[in-house]
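Have a look at my_file-v6.cif; it's mmCIF, C-alpha atoms and all ligand atoms:
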```cif
data_start
loop_
_atom_site.label_atom_id
_atom_site.label_comp_id
_atom_site.auth_asym_id
_atom_site.auth_seq_id
_atom_site.Cartn_x
_atom_site.Cartn_y
_atom_site.Cartn_z
CA MET A 1 -20.14 1.48 -3.11
CA SER A 2 -19.38 -0.82 -6.01
CA GLY A 3 -15.72 -0.03 -6.46
CA ASN A 4 -14.23 -2.58 -4.07
CA ILE A 5 -12.99 -5.16 -6.57
CA ILE A 6 -9.79 -5.14 -8.61
CA GLY A 7 -8.10 -7.58 -11.00
CA GLU A 8 -9.14 -9.65 -14.00
CA ARG A 9 -7.91 -13.19 -13.20
CA PHE A 10 -6.49 -12.75 -9.69
CA THR A 11 -9.33 -10.71 -8.23
CA VAL A 12 -9.43 -9.00 -4.87
CA VAL A 13 -12.59 -7.78 -3.14
CA THR A 14 -12.10 -5.80 0.07
CA PHE A 15 -14.63 -5.17 2.81
CA GLY A 16 -14.94 -3.83 6.35
CA GLU A 17 -14.77 -0.53 8.20
CA SER A 18 -12.28 0.86 10.68
CA HIS A 19 -14.50 0.48 13.76
CA GLY A 20 -16.86 -2.21 12.47
CA LYS A 21 -16.45 -5.88 13.39
CA CYS A 22 -13.63 -6.64 10.99
CA VAL A 23 -11.76 -5.78 7.84
CA GLY A 24 -11.25 -8.50 5.29
CA VAL A 25 -10.73 -9.62 1.74
CA VAL A 26 -11.81 -12.28 -0.75
CA VAL A 27 -9.16 -13.40 -3.22
CA ASP A 28 -10.52 -15.29 -6.21
CA GLY A 29 -8.46 -16.87 -8.98
CA CYS A 30 -5.49 -17.97 -6.90
CA PRO A 31 -4.18 -21.21 -8.40
CA ALA A 32 -4.59 -24.43 -6.45
CA GLY A 33 -1.55 -25.97 -4.76
CA LEU A 34 0.12 -22.92 -3.22
CA GLU A 35 1.31 -23.75 0.27
CA ILE A 36 -0.01 -21.01 2.54
CA SER A 37 -0.59 -20.61 6.27
CA GLU A 38 -1.95 -17.96 8.60
CA GLU A 39 1.68 -17.40 9.69
CA ASP A 40 2.60 -16.36 6.13
CA ILE A 41 -0.16 -13.75 6.07
CA GLN A 42 0.50 -12.69 9.67
CA HIS A 43 4.14 -11.98 8.91
CA ASP A 44 3.14 -9.29 6.41
CA LEU A 45 0.27 -7.94 8.51
CA ASP A 46 2.68 -7.46 11.42
CA LEU A 47 4.77 -5.13 9.26
CA ARG A 48 1.74 -2.85 8.73
CA LYS A 49 -0.14 -3.11 12.00
CA PRO A 50 -0.62 -0.03 14.17
CA GLY A 51 0.88 0.63 17.60
CA GLN A 52 4.32 -0.75 16.75
CA SER A 53 6.43 2.31 17.40
CA ILE A 54 6.51 5.96 18.35
CA VAL A 55 6.31 7.00 14.67
CA THR A 56 2.88 5.39 14.13
CA THR A 57 -0.58 5.67 15.67
CA LEU A 58 -0.85 4.44 19.26
CA ARG A 59 -3.96 2.39 18.38
CA LYS A 60 -2.99 -1.16 19.30
CA GLU A 61 -4.43 -3.87 17.09
CA THR A 62 -3.18 -7.44 17.06
CA ASP A 63 -4.43 -7.78 13.47
CA SER A 64 -4.61 -11.57 13.87
CA VAL A 65 -5.59 -13.07 10.55
CA GLU A 66 -8.20 -15.79 10.20
CA ILE A 67 -8.34 -17.70 6.92
CA MET A 68 -12.01 -18.62 6.55
CA SER A 69 -12.02 -20.48 3.23
CA GLY A 70 -10.04 -21.56 0.18
CA VAL A 71 -7.15 -23.22 2.04
CA PHE A 72 -7.23 -26.93 2.91
CA LYS A 73 -4.45 -29.04 4.47
CA GLY A 74 -2.13 -26.04 4.11
CA PHE A 75 -2.63 -25.52 0.37
CA THR A 76 -4.85 -23.24 -1.67
CA THR A 77 -7.72 -25.19 -3.21
CA GLY A 78 -8.52 -22.95 -6.18
CA ALA A 79 -11.69 -21.73 -4.44
CA PRO A 80 -12.11 -18.14 -3.17
CA ILE A 81 -9.86 -17.39 -0.20
CA MET A 82 -11.60 -15.30 2.46
CA MET A 83 -9.49 -13.72 5.19
CA LEU A 84 -10.21 -11.22 7.92
CA VAL A 85 -8.85 -9.48 10.98
CA ARG A 86 -11.18 -8.43 13.77
CA ASN A 87 -11.13 -4.83 15.00
CA GLU A 88 -10.32 -4.81 18.70
CA ASP A 89 -8.87 -1.50 19.90
CA LYS A 90 -11.58 0.87 18.69
CA ASP A 91 -12.56 4.01 20.51
CA SER A 92 -15.40 5.58 18.56
CA ARG A 93 -16.38 8.24 21.15
CA SER A 94 -14.85 11.17 19.29
CA TYR A 95 -16.40 10.37 15.93
CA ASP A 96 -19.88 11.79 16.63
CA LEU A 97 -18.12 15.10 17.18
CA ILE A 98 -16.12 14.64 13.97
CA MET A 99 -19.31 13.85 12.04
CA ASP A 100 -20.60 17.30 13.00
CA THR A 101 -17.23 19.07 12.63
CA PRO A 102 -15.50 17.27 9.74
CA ARG A 103 -11.72 17.02 9.67
CA PRO A 104 -10.03 19.23 7.06
CA GLY A 105 -8.10 16.98 4.68
CA HIS A 106 -10.03 13.79 5.55
CA ALA A 107 -13.04 12.27 3.79
CA ASP A 108 -15.58 12.86 6.62
CA LEU A 109 -17.58 15.62 4.93
CA VAL A 110 -17.54 14.41 1.36
CA ALA A 111 -18.49 10.84 2.44
CA ARG A 112 -21.41 12.19 4.48
CA GLN A 113 -22.55 14.23 1.48
CA LYS A 114 -22.31 11.29 -0.94
CA TYR A 115 -23.92 8.62 1.26
CA GLY A 116 -26.53 10.81 2.93
CA GLY A 117 -25.04 10.23 6.39
CA PHE A 118 -25.61 6.44 6.23
CA ASN A 119 -21.88 5.69 6.00
CA ASP A 120 -20.14 4.18 9.04
CA TYR A 121 -18.01 7.21 9.89
CA ARG A 122 -16.40 5.75 13.02
CA GLY A 123 -12.63 5.84 12.69
CA GLY A 124 -13.03 7.09 9.12
CA GLY A 125 -15.01 3.95 8.19
CA ARG A 126 -14.15 2.81 4.65
CA PHE A 127 -11.87 5.85 4.29
CA SER A 128 -9.53 4.75 7.06
CA GLY A 129 -5.97 3.63 6.41
CA ARG A 130 -7.12 0.46 8.19
CA ILE A 131 -8.67 -0.87 4.99
CA THR A 132 -5.14 -1.43 3.72
CA ALA A 133 -4.91 -4.46 6.05
CA SER A 134 -7.06 -6.15 3.38
CA PHE A 135 -4.57 -5.19 0.68
CA VAL A 136 -1.78 -6.74 2.75
CA MET A 137 -3.66 -10.01 3.32
CA ALA A 138 -4.26 -10.41 -0.43
CA GLY A 139 -0.75 -9.21 -1.21
CA ALA A 140 0.82 -11.82 1.06
CA ILE A 141 -0.73 -14.53 -1.11
CA ALA A 142 0.26 -12.76 -4.33
CA LYS A 143 3.85 -12.30 -3.11
CA LYS A 144 4.22 -15.96 -2.24
CA LEU A 145 2.68 -17.04 -5.57
CA LEU A 146 5.05 -14.78 -7.52
CA LYS A 147 8.12 -15.82 -5.55
CA GLU A 148 7.46 -19.54 -5.86
CA THR A 149 6.47 -19.60 -9.53
CA LEU A 150 8.59 -16.86 -11.11
CA GLY A 151 11.12 -15.84 -8.46
CA ILE A 152 9.75 -12.28 -8.37
CA GLU A 153 10.78 -10.23 -5.34
CA ILE A 154 9.25 -6.90 -4.33
CA VAL A 155 11.08 -4.39 -2.12
CA ALA A 156 9.56 -1.06 -1.04
CA TYR A 157 11.06 1.46 1.37
CA ALA A 158 10.66 4.99 2.68
CA LEU A 159 12.70 7.09 0.26
CA GLU A 160 11.77 10.41 1.83
CA ILE A 161 9.93 11.66 4.94
CA GLY A 162 9.41 15.33 5.69
CA GLY A 163 12.05 16.34 3.12
CA ILE A 164 14.74 13.98 4.50
CA ARG A 165 15.74 11.74 1.61
CA ALA A 166 17.78 8.55 1.44
CA GLU A 167 20.65 8.81 -1.08
CA ASN A 168 23.41 6.52 -2.36
CA PHE A 169 22.03 3.16 -1.29
CA THR A 170 21.66 -0.15 -3.09
CA ILE A 171 18.73 -2.49 -3.36
CA ASP A 172 20.65 -4.82 -1.02
CA ASP A 173 20.78 -2.03 1.60
CA ALA A 174 17.03 -1.56 1.26
CA ARG A 175 16.32 -5.30 1.42
CA LYS A 176 18.45 -5.71 4.52
CA ASN A 177 17.54 -2.55 6.45
CA ARG A 178 14.00 -1.46 5.71
CA TYR A 179 12.22 -3.59 8.29
CA GLN A 180 15.00 -3.17 10.85
CA ASN A 181 14.05 0.45 11.57
CA GLU A 182 10.74 2.05 12.53
CA VAL A 183 10.42 4.37 9.54
CA ARG A 184 11.25 1.64 6.96
CA ALA A 185 14.19 3.54 5.47
CA PRO A 186 16.91 1.81 3.39
CA GLN A 187 19.75 3.16 5.58
CA PRO A 188 19.93 3.19 9.39
CA GLU A 189 21.45 6.70 9.68
CA VAL A 190 18.75 8.24 7.46
CA ALA A 191 16.15 6.34 9.47
CA GLU A 192 17.35 8.06 12.66
CA ARG A 193 17.05 11.51 11.09
CA MET A 194 13.59 10.75 9.69
CA LYS A 195 12.46 9.42 13.06
CA THR A 196 13.64 12.52 14.91
CA LYS A 197 11.78 14.75 12.47
CA VAL A 198 8.57 12.71 12.82
CA ILE A 199 8.73 12.90 16.62
CA GLU A 200 9.44 16.65 16.63
CA THR A 201 6.58 17.28 14.19
CA ARG A 202 4.14 15.16 16.18
CA GLU A 203 5.08 17.07 19.34
CA LYS A 204 4.15 20.29 17.54
CA GLY A 205 0.73 18.79 16.77
CA ASP A 206 1.51 18.34 13.10
CA SER A 207 2.21 15.54 10.58
CA LEU A 208 4.54 14.78 7.65
CA GLY A 209 4.28 13.47 4.11
CA GLY A 210 6.82 11.51 2.12
CA ILE A 211 7.72 9.21 -0.74
CA VAL A 212 7.76 5.41 -0.88
CA GLU A 213 9.81 3.78 -3.62
CA CYS A 214 8.94 0.28 -4.80
CA VAL A 215 11.11 -2.07 -6.86
CA ALA A 216 10.06 -5.42 -8.33
CA LEU A 217 12.91 -7.73 -9.35
CA ASN A 218 12.98 -10.70 -11.76
CA VAL A 219 9.77 -9.64 -13.52
CA PRO A 220 9.55 -11.48 -16.88
CA VAL A 221 9.22 -9.60 -20.16
CA GLY A 222 5.71 -8.93 -21.46
CA LEU A 223 3.43 -8.45 -18.45
CA GLY A 224 0.69 -5.91 -19.22
CA GLU A 225 -2.30 -5.73 -21.58
CA PRO A 226 -2.19 -2.45 -23.51
CA VAL A 227 -3.84 -0.17 -23.76
CA PHE A 228 -6.26 0.19 -20.82
CA ALA A 229 -4.70 -2.61 -18.79
CA SER A 230 -1.11 -1.65 -19.47
CA LEU A 231 1.14 -2.63 -16.58
CA ASP A 232 1.82 0.96 -15.53
CA SER A 233 -1.85 1.98 -15.68
CA ASP A 234 -2.86 -1.00 -13.53
CA ILE A 235 -0.09 -0.31 -10.99
CA ALA A 236 -1.10 3.36 -10.93
CA ARG A 237 -4.77 2.48 -10.42
CA ILE A 238 -4.22 0.26 -7.39
CA THR A 239 -1.60 2.65 -5.97
CA LEU A 240 -3.91 5.65 -6.23
CA SER A 241 -6.52 3.58 -4.38
CA ILE A 242 -4.35 3.64 -1.25
CA PRO A 243 -5.58 6.39 1.07
CA ALA A 244 -3.32 9.49 1.19
CA VAL A 245 -1.50 8.72 -2.11
CA LYS A 246 -1.28 11.84 -4.23
CA GLY A 247 1.00 10.85 -7.09
CA ILE A 248 3.07 8.17 -8.77
CA GLU A 249 6.03 8.29 -11.14
CA PHE A 250 7.82 5.46 -12.94
CA GLY A 251 11.56 5.45 -13.59
CA SER A 252 12.86 8.95 -14.29
CA GLY A 253 9.25 10.14 -13.95
CA PHE A 254 8.69 13.88 -13.65
CA SER A 255 12.39 14.62 -14.09
CA SER A 256 12.12 13.31 -17.69
CA ALA A 257 10.27 16.54 -18.48
CA THR A 258 13.60 18.37 -18.42
CA ALA A 259 15.81 15.60 -19.83
CA THR A 260 16.68 15.21 -23.51
CA GLY A 261 15.97 12.02 -25.44
CA LYS A 262 19.67 11.18 -25.39
CA GLN A 263 19.73 11.49 -21.62
CA ASN A 264 16.49 9.65 -21.02
CA ASN A 265 16.71 6.72 -23.49
CA ASP A 266 17.86 3.45 -21.96
CA GLU A 267 20.48 2.08 -24.36
CA TYR A 268 20.53 -1.65 -25.04
CA LEU A 269 23.40 -4.02 -24.47
CA TYR A 270 24.02 -7.74 -24.04
CA LYS A 271 24.70 -9.15 -20.60
CA ASP A 272 25.18 -12.90 -20.17
CA GLY A 273 23.56 -13.43 -23.59
CA ARG A 274 20.47 -11.41 -22.61
CA VAL A 275 19.39 -7.98 -23.88
CA VAL A 276 19.31 -5.51 -21.00
CA THR A 277 19.42 -1.72 -20.75
CA LYS A 278 22.32 0.36 -19.48
CA THR A 279 20.05 2.56 -17.39
CA ASN A 280 16.47 2.12 -16.22
CA ASN A 281 14.80 5.48 -16.83
CA SER A 282 11.72 3.63 -18.10
CA GLY A 283 11.22 2.05 -14.66
CA GLY A 284 11.07 -1.40 -16.28
CA ILE A 285 7.97 -0.68 -18.39
CA LEU A 286 7.84 0.29 -22.08
CA GLY A 287 4.64 0.49 -24.09
CA GLY A 288 2.74 -0.66 -21.02
CA LEU A 289 4.74 -3.95 -20.96
CA SER A 290 7.37 -5.10 -18.50
CA ASN A 291 10.71 -5.12 -20.34
CA GLY A 292 12.65 -7.41 -18.00
CA MET A 293 14.41 -4.64 -16.09
CA PRO A 294 13.40 -3.97 -12.47
CA ILE A 295 10.03 -2.27 -12.20
CA GLN A 296 10.65 0.89 -10.23
CA TYR A 297 8.21 3.57 -9.18
CA ARG A 298 7.75 6.20 -6.49
CA THR A 299 4.56 7.14 -4.70
CA VAL A 300 3.85 10.42 -2.90
CA PHE A 301 1.95 10.38 0.39
CA LYS A 302 0.43 13.55 1.76
CA PRO A 303 0.82 14.35 5.46
CA ALA A 304 -1.86 12.61 7.54
CA SER A 305 -4.73 15.03 7.95
CA SER A 306 -5.71 14.22 11.56
CA ILE A 307 -3.46 16.54 13.53
CA ALA A 308 -3.54 17.80 17.10
CA SER A 309 -3.21 21.48 16.13
CA LYS A 310 -6.16 23.85 16.07
CA GLN A 311 -7.79 24.14 12.63
CA THR A 312 -10.89 25.88 11.36
CA THR A 313 -13.79 23.73 10.23
CA VAL A 314 -17.57 24.02 10.24
CA SER A 315 -20.20 22.80 12.67
CA LEU A 316 -22.87 21.32 10.43
CA SER A 317 -25.50 21.36 13.20
CA GLN A 318 -24.84 25.01 14.05
CA SER A 319 -24.10 26.21 10.47
CA LYS A 320 -21.06 28.18 11.58
CA GLU A 321 -17.30 28.02 11.60
CA VAL A 322 -15.67 26.49 14.67
CA GLU A 323 -12.20 25.44 15.80
CA LEU A 324 -11.25 21.78 15.84
CA VAL A 325 -8.44 19.86 17.49
CA VAL A 326 -8.73 16.36 16.06
CA PRO A 327 -9.10 13.86 18.91
CA GLY A 328 -8.04 10.22 18.75
CA ARG A 329 -4.84 8.38 17.90
CA HIS A 330 -3.34 9.01 14.50
CA ASP A 331 -0.24 8.35 12.42
CA PRO A 332 2.13 11.35 12.40
CA THR A 333 3.19 10.10 8.96
CA VAL A 334 1.58 7.26 7.03
CA VAL A 335 4.80 6.42 5.15
CA PRO A 336 6.23 3.66 7.41
CA ARG A 337 2.97 1.72 7.47
CA ALA A 338 2.45 2.26 3.74
CA VAL A 339 5.69 0.47 2.81
CA PRO A 340 4.32 -3.10 3.18
CA VAL A 341 1.07 -1.90 1.59
CA LEU A 342 2.91 -0.88 -1.59
CA GLU A 343 4.69 -4.23 -1.75
CA SER A 344 1.28 -5.90 -1.49
CA THR A 345 -0.50 -3.83 -4.12
CA THR A 346 2.37 -4.33 -6.55
CA ALA A 347 2.20 -8.08 -5.98
CA ILE A 348 -1.56 -8.15 -6.57
CA VAL A 349 -1.16 -6.49 -9.98
CA LEU A 350 1.83 -8.62 -11.02
CA ALA A 351 0.06 -11.84 -9.99
CA ASP A 352 -2.99 -10.86 -12.01
CA HIS A 353 -0.89 -10.08 -15.09
CA ALA A 354 1.33 -13.15 -14.75
CA ILE A 355 -1.79 -15.34 -14.73
CA ARG A 356 -3.23 -13.40 -17.69
CA ALA A 357 0.05 -13.92 -19.57
CA GLY A 358 -0.19 -17.69 -18.98
CA LEU A 359 2.98 -17.73 -16.88
CA ILE A 360 1.29 -19.20 -13.80
CA PRO A 361 -0.88 -22.32 -14.31
CA PRO A 362 -4.23 -22.86 -12.54
CA VAL A 363 -2.80 -25.80 -10.59
CA LEU A 364 0.76 -25.45 -9.30
CA LYS A 365 1.41 -29.11 -8.67
CA THR A 366 -0.63 -32.28 -8.53
CA GLN A 367 -1.17 -34.12 -5.25
CA GLY A 368 1.35 -36.90 -5.08
CA ASP A 369 3.90 -35.23 -7.40
C1 LIG B 1 -1.48 2.90 6.39
C2 LIG B 1 -2.25 4.20 6.43
C3 LIG B 1 -2.52 4.79 7.66
C4 LIG B 1 -3.20 6.00 7.74
N1 LIG B 1 -3.41 6.58 8.97
C5 LIG B 1 -4.02 7.78 9.05
C6 LIG B 1 -4.20 8.42 10.32
O1 LIG B 1 -3.83 7.90 11.36
N2 LIG B 1 -4.82 9.63 10.34
C7 LIG B 1 -5.26 10.24 9.18
O2 LIG B 1 -5.79 11.35 9.24
N3 LIG B 1 -5.09 9.67 7.98
C8 LIG B 1 -4.49 8.47 7.88
N4 LIG B 1 -4.33 7.88 6.66
C9 LIG B 1 -4.79 8.60 5.46
C10 LIG B 1 -6.31 8.71 5.32
O3 LIG B 1 -6.90 7.45 5.34
C11 LIG B 1 -6.65 9.47 4.04
O4 LIG B 1 -5.96 10.68 3.99
C12 LIG B 1 -8.14 9.77 3.95
O5 LIG B 1 -8.86 8.58 3.73
C13 LIG B 1 -8.52 10.72 2.82
O6 LIG B 1 -8.17 10.18 1.59
P1 LIG B 1 -7.14 10.91 0.60
O7 LIG B 1 -6.06 11.48 1.45
O8 LIG B 1 -6.64 9.82 -0.30
O9 LIG B 1 -7.91 11.96 -0.12
C14 LIG B 1 -3.65 6.65 6.55
C15 LIG B 1 -3.40 6.04 5.31
C16 LIG B 1 -2.69 4.83 5.24
C17 LIG B 1 -2.40 4.23 3.91
#
```

Output the file's structure as structure tokens, nothing else.
Amino acid sequence: MSGNIIGERFTVVTFGESHGKCVGVVVDGCPAGLEISEEDIQHDLDLRKPGQSIVTTLRKETDSVEIMSGVFKGFTTGAPIMMLVRNEDKDSRSYDLIMDTPRPGHADLVARQKYGGFNDYRGGGRFSGRITASFVMAGAIAKKLLKETLGIEIVAYALEIGGIRAENFTIDDARKNRYQNEVRAPQPEVAERMKTKVIETREKGDSLGGIVECVALNVPVGLGEPVFASLDSDIARITLSIPAVKGIEFGSGFSSATATGKQNNDEYLYKDGRVVTKTNNSGGILGGLSNGMPIQYRTVFKPASSIASKQTTVSLSQSKEVELVVPGRHDPTVVPRAVPVLESTTAIVLADHAIRAGLIPPVLKTQGD
């Protein structure tokens, strides 16, 4: 496995398995002088952690972060920042069974085939949604760096779960409401309907997919390094690295296939002496560069594969087909827990590109300033 690092100047290396000792991250390239505490990181981790509500897995992890290096007297030092959370509530008993009878829709079989059975398969190992705790730890630093240096704010929310979609809301609604309800929807009444559907589906032994929308505000013009490190390709790469993500679209996205140029072009105008666009069908990115409008994209999550209904799989030891009811505690939809993950991954990419563009200096302030 050599694919666990991302970023050019703000680099993130993730490590750890679902039922191993810990999951963690090393962030290198964070400027010195950013005030950061375990409470800052914990705040974001708490938004993602399992066992919080009836619409997530019942696995209960405290996900208490420990900053092991790179922060001194409450400020980043410029050295690599290593952070981890220990795995506490792990029940690995069912995973020997799953190793023999792999879960349809999960990575059990293909991982065993690739790594010759040496992979830590407990709890899905490196293929567990738990690895996204590392993304959130790194993202918490990136978010704070972006906010304090450039005033960038990132807001993600559950746009759709199981076909129930939020409509007619503003970014202020999303900012205010998303973390006030269990499904992370931008409107309380939609949240109730989504929640009911998740509970009903879980009771039937099934799971649901959905869409998370992410918006980044106050992003300066010119982030992105075309062509292979264009801003949209880098956002897409990190987004598609989140387990269960099956697609991403920016701005008008797939619907632009049926629009005309006149409908899809974002016309320019002046607002307060600044060039802006009337609409934002580009999703804030043109030519792989941020254009100063909000960056806006949507991400599709498939339904979680570990369901309590009977499915056909194979017994590898007996070389025959068998029936499987997946044991263990699983998310009936991954969407609510993915919302803070998307905010984090977006922040990681924007921090990397802002540093590359020279908009964030290597030292934020000098001691004694
Ligand atoms: C936050 C989060 C939580 C997840 N929880 C579960 C879960 O409880 N059960 C499950 O089967 N999959 C869960 N997943 C998805 C699997 O990790 C993912 O489907 C699996 O690794 C296979 O990868 P793929 O779907 O990207 O092909 C979760 C994903 C995320 C992002």

Review point. Hey, what's within 9 Å of Val27 (chain A) if we count only C-alpha atoms and toss same-chain stuff fewer than 4 positions away? As a ChimeraX atom specification, please?
Key: /A:10-14,70,79-83,138,141

Each side padded by 6 Å, which centre and which edge lengths in Å (one decimal) define the axis-aligned box around the listed atoms of ligand LIG 1 (chain B)? Give them as lines of an AutoDock Vina configuration file.
```
center_x = -5.2
center_y = 7.4
center_z = 5.5
size_x = 19.4
size_y = 21.1
size_z = 23.7
```

Point to revise | Test item: residues no farther than 8 Å from ligand LIG 1 (chain B), counting all atoms listed in the file, as JSON, numbers by chain | key: {"A": [48, 56, 57, 105, 106, 107, 124, 126, 127, 128, 129, 130, 132, 240, 241, 242, 243, 244, 245, 246, 302, 303, 304, 305, 306, 307, 329, 330, 331, 332, 333, 334, 335, 336, 337, 338, 341]}

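Non-sequential neighbours of region 157-173 of chain A (distance at most 7 Å, separation of 3 or more positions within a chain, all atoms listed in the file) are A:Lys176, A:Asn177, A:Arg178, A:Val183, A:Arg184, A:Ala185, A:Pro186, A:Gln187, A:Val190, A:Met194, A:Leu208, A:Gly209, A:Gly210, A:Ile211, A:Val212, A:Glu213, A:Cys214, A:Val335, A:Pro336, A:Val339.
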
Check your understanding: Which value, in Å to one decimal, gives the distance between CA of Ser64 (chain A) and CA of Asn87 (chain A)?
Key -> 9.4 Å

Check your understanding: If you count all atoms listed in the file, which residues fall within 10 Å of region 285-296 of chain A, apart from same-chain ones fewer than 2 positions away, as JSON, numbers by chain?
Key -> {"A": [152, 153, 154, 155, 156, 213, 214, 215, 216, 217, 218, 219, 220, 221, 222, 223, 224, 225, 226, 227, 228, 229, 230, 231, 232, 233, 234, 249, 250, 251, 252, 274, 275, 276, 277, 278, 279, 280, 281, 282, 283, 298, 346, 350]}

Practice item. Pick out the closest residue to Gln311 (chain A) from this set: A:Thr201, A:Thr101, A:Ser255, A:Asn119. Count all atoms listed in the file. Key: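 Among A:Thr201, A:Thr101, A:Ser255, A:Asn119, it is A:Thr101 that comes nearest to Gln311 (chain A).
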
Could region 155-177 of chain A be completed with N, CA and C atoms and returned as an mmCIF file, in the frame of the given file?
```cif
data_model
loop_
_atom_site.group_PDB
_atom_site.id
_atom_site.type_symbol
_atom_site.label_atom_id
_atom_site.label_comp_id
_atom_site.auth_asym_id
_atom_site.auth_seq_id
_atom_site.Cartn_x
_atom_site.Cartn_y
_atom_site.Cartn_z
ATOM 1 N N VAL A 155 10.452 -5.095 -3.251
ATOM 2 C CA VAL A 155 11.080 -4.390 -2.120
ATOM 3 C C VAL A 155 10.645 -2.922 -2.171
ATOM 4 N N ALA A 156 9.916 -2.484 -1.143
ATOM 5 C CA ALA A 156 9.560 -1.060 -1.040
ATOM 6 C C ALA A 156 10.247 -0.488 0.198
ATOM 7 N N TYR A 157 10.403 0.810 0.226
ATOM 8 C CA TYR A 157 11.060 1.460 1.370
ATOM 9 C C TYR A 157 10.712 2.937 1.381
ATOM 10 N N ALA A 158 10.906 3.555 2.547
ATOM 11 C CA ALA A 158 10.660 4.990 2.680
ATOM 12 C C ALA A 158 11.842 5.729 2.070
ATOM 13 N N LEU A 159 11.621 6.347 0.928
ATOM 14 C CA LEU A 159 12.700 7.090 0.260
ATOM 15 C C LEU A 159 12.857 8.471 0.889
ATOM 16 N N GLU A 160 11.735 9.037 1.298
ATOM 17 C CA GLU A 160 11.770 10.410 1.830
ATOM 18 C C GLU A 160 10.650 10.593 2.845
ATOM 19 N N ILE A 161 10.969 11.253 3.966
ATOM 20 C CA ILE A 161 9.930 11.660 4.940
ATOM 21 C C ILE A 161 10.235 13.083 5.357
ATOM 22 N N GLY A 162 9.237 13.948 5.244
ATOM 23 C CA GLY A 162 9.410 15.330 5.690
ATOM 24 C C GLY A 162 10.624 16.013 5.075
ATOM 25 N N GLY A 163 10.934 15.692 3.822
ATOM 26 C CA GLY A 163 12.050 16.340 3.120
ATOM 27 C C GLY A 163 13.404 15.669 3.384
ATOM 28 N N ILE A 164 13.473 14.701 4.277
ATOM 29 C CA ILE A 164 14.740 13.980 4.500
ATOM 30 C C ILE A 164 14.748 12.764 3.560
ATOM 31 N N ARG A 165 15.741 12.736 2.685
ATOM 32 C CA ARG A 165 15.740 11.740 1.610
ATOM 33 C C ARG A 165 16.937 10.797 1.715
ATOM 34 N N ALA A 166 16.688 9.534 1.473
ATOM 35 C CA ALA A 166 17.780 8.550 1.440
ATOM 36 C C ALA A 166 18.515 8.688 0.110
ATOM 37 N N GLU A 167 19.838 8.689 0.149
ATOM 38 C CA GLU A 167 20.650 8.810 -1.080
ATOM 39 C C GLU A 167 21.732 7.736 -1.046
ATOM 40 N N ASN A 168 22.246 7.418 -2.236
ATOM 41 C CA ASN A 168 23.410 6.520 -2.360
ATOM 42 C C ASN A 168 23.252 5.203 -1.598
ATOM 43 N N PHE A 169 22.205 4.486 -1.898
ATOM 44 C CA PHE A 169 22.030 3.160 -1.290
ATOM 45 C C PHE A 169 21.755 2.166 -2.401
ATOM 46 N N THR A 170 21.925 0.901 -2.095
ATOM 47 C CA THR A 170 21.660 -0.150 -3.090
ATOM 48 C C THR A 170 20.381 -0.891 -2.719
ATOM 49 N N ILE A 171 19.921 -1.693 -3.641
ATOM 50 C CA ILE A 171 18.730 -2.490 -3.360
ATOM 51 C C ILE A 171 19.020 -3.485 -2.224
ATOM 52 N N ASP A 172 20.282 -3.919 -2.130
ATOM 53 C CA ASP A 172 20.650 -4.820 -1.020
ATOM 54 C C ASP A 172 20.532 -4.106 0.322
ATOM 55 N N ASP A 173 20.942 -2.810 0.360
ATOM 56 C CA ASP A 173 20.780 -2.030 1.600
ATOM 57 C C ASP A 173 19.298 -1.978 1.984
ATOM 58 N N ALA A 174 18.461 -1.698 0.982
ATOM 59 C CA ALA A 174 17.030 -1.560 1.260
ATOM 60 C C ALA A 174 16.445 -2.887 1.738
ATOM 61 N N ARG A 175 16.825 -3.968 1.057
ATOM 62 C CA ARG A 175 16.320 -5.300 1.420
ATOM 63 C C ARG A 175 16.675 -5.651 2.857
ATOM 64 N N LYS A 176 17.920 -5.335 3.200
ATOM 65 C CA LYS A 176 18.450 -5.710 4.520
ATOM 66 C C LYS A 176 17.896 -4.799 5.643
ATOM 67 N N ASN A 177 17.783 -3.513 5.366
ATOM 68 C CA ASN A 177 17.540 -2.550 6.450
ATOM 69 C C ASN A 177 16.108 -2.108 6.660
#
```
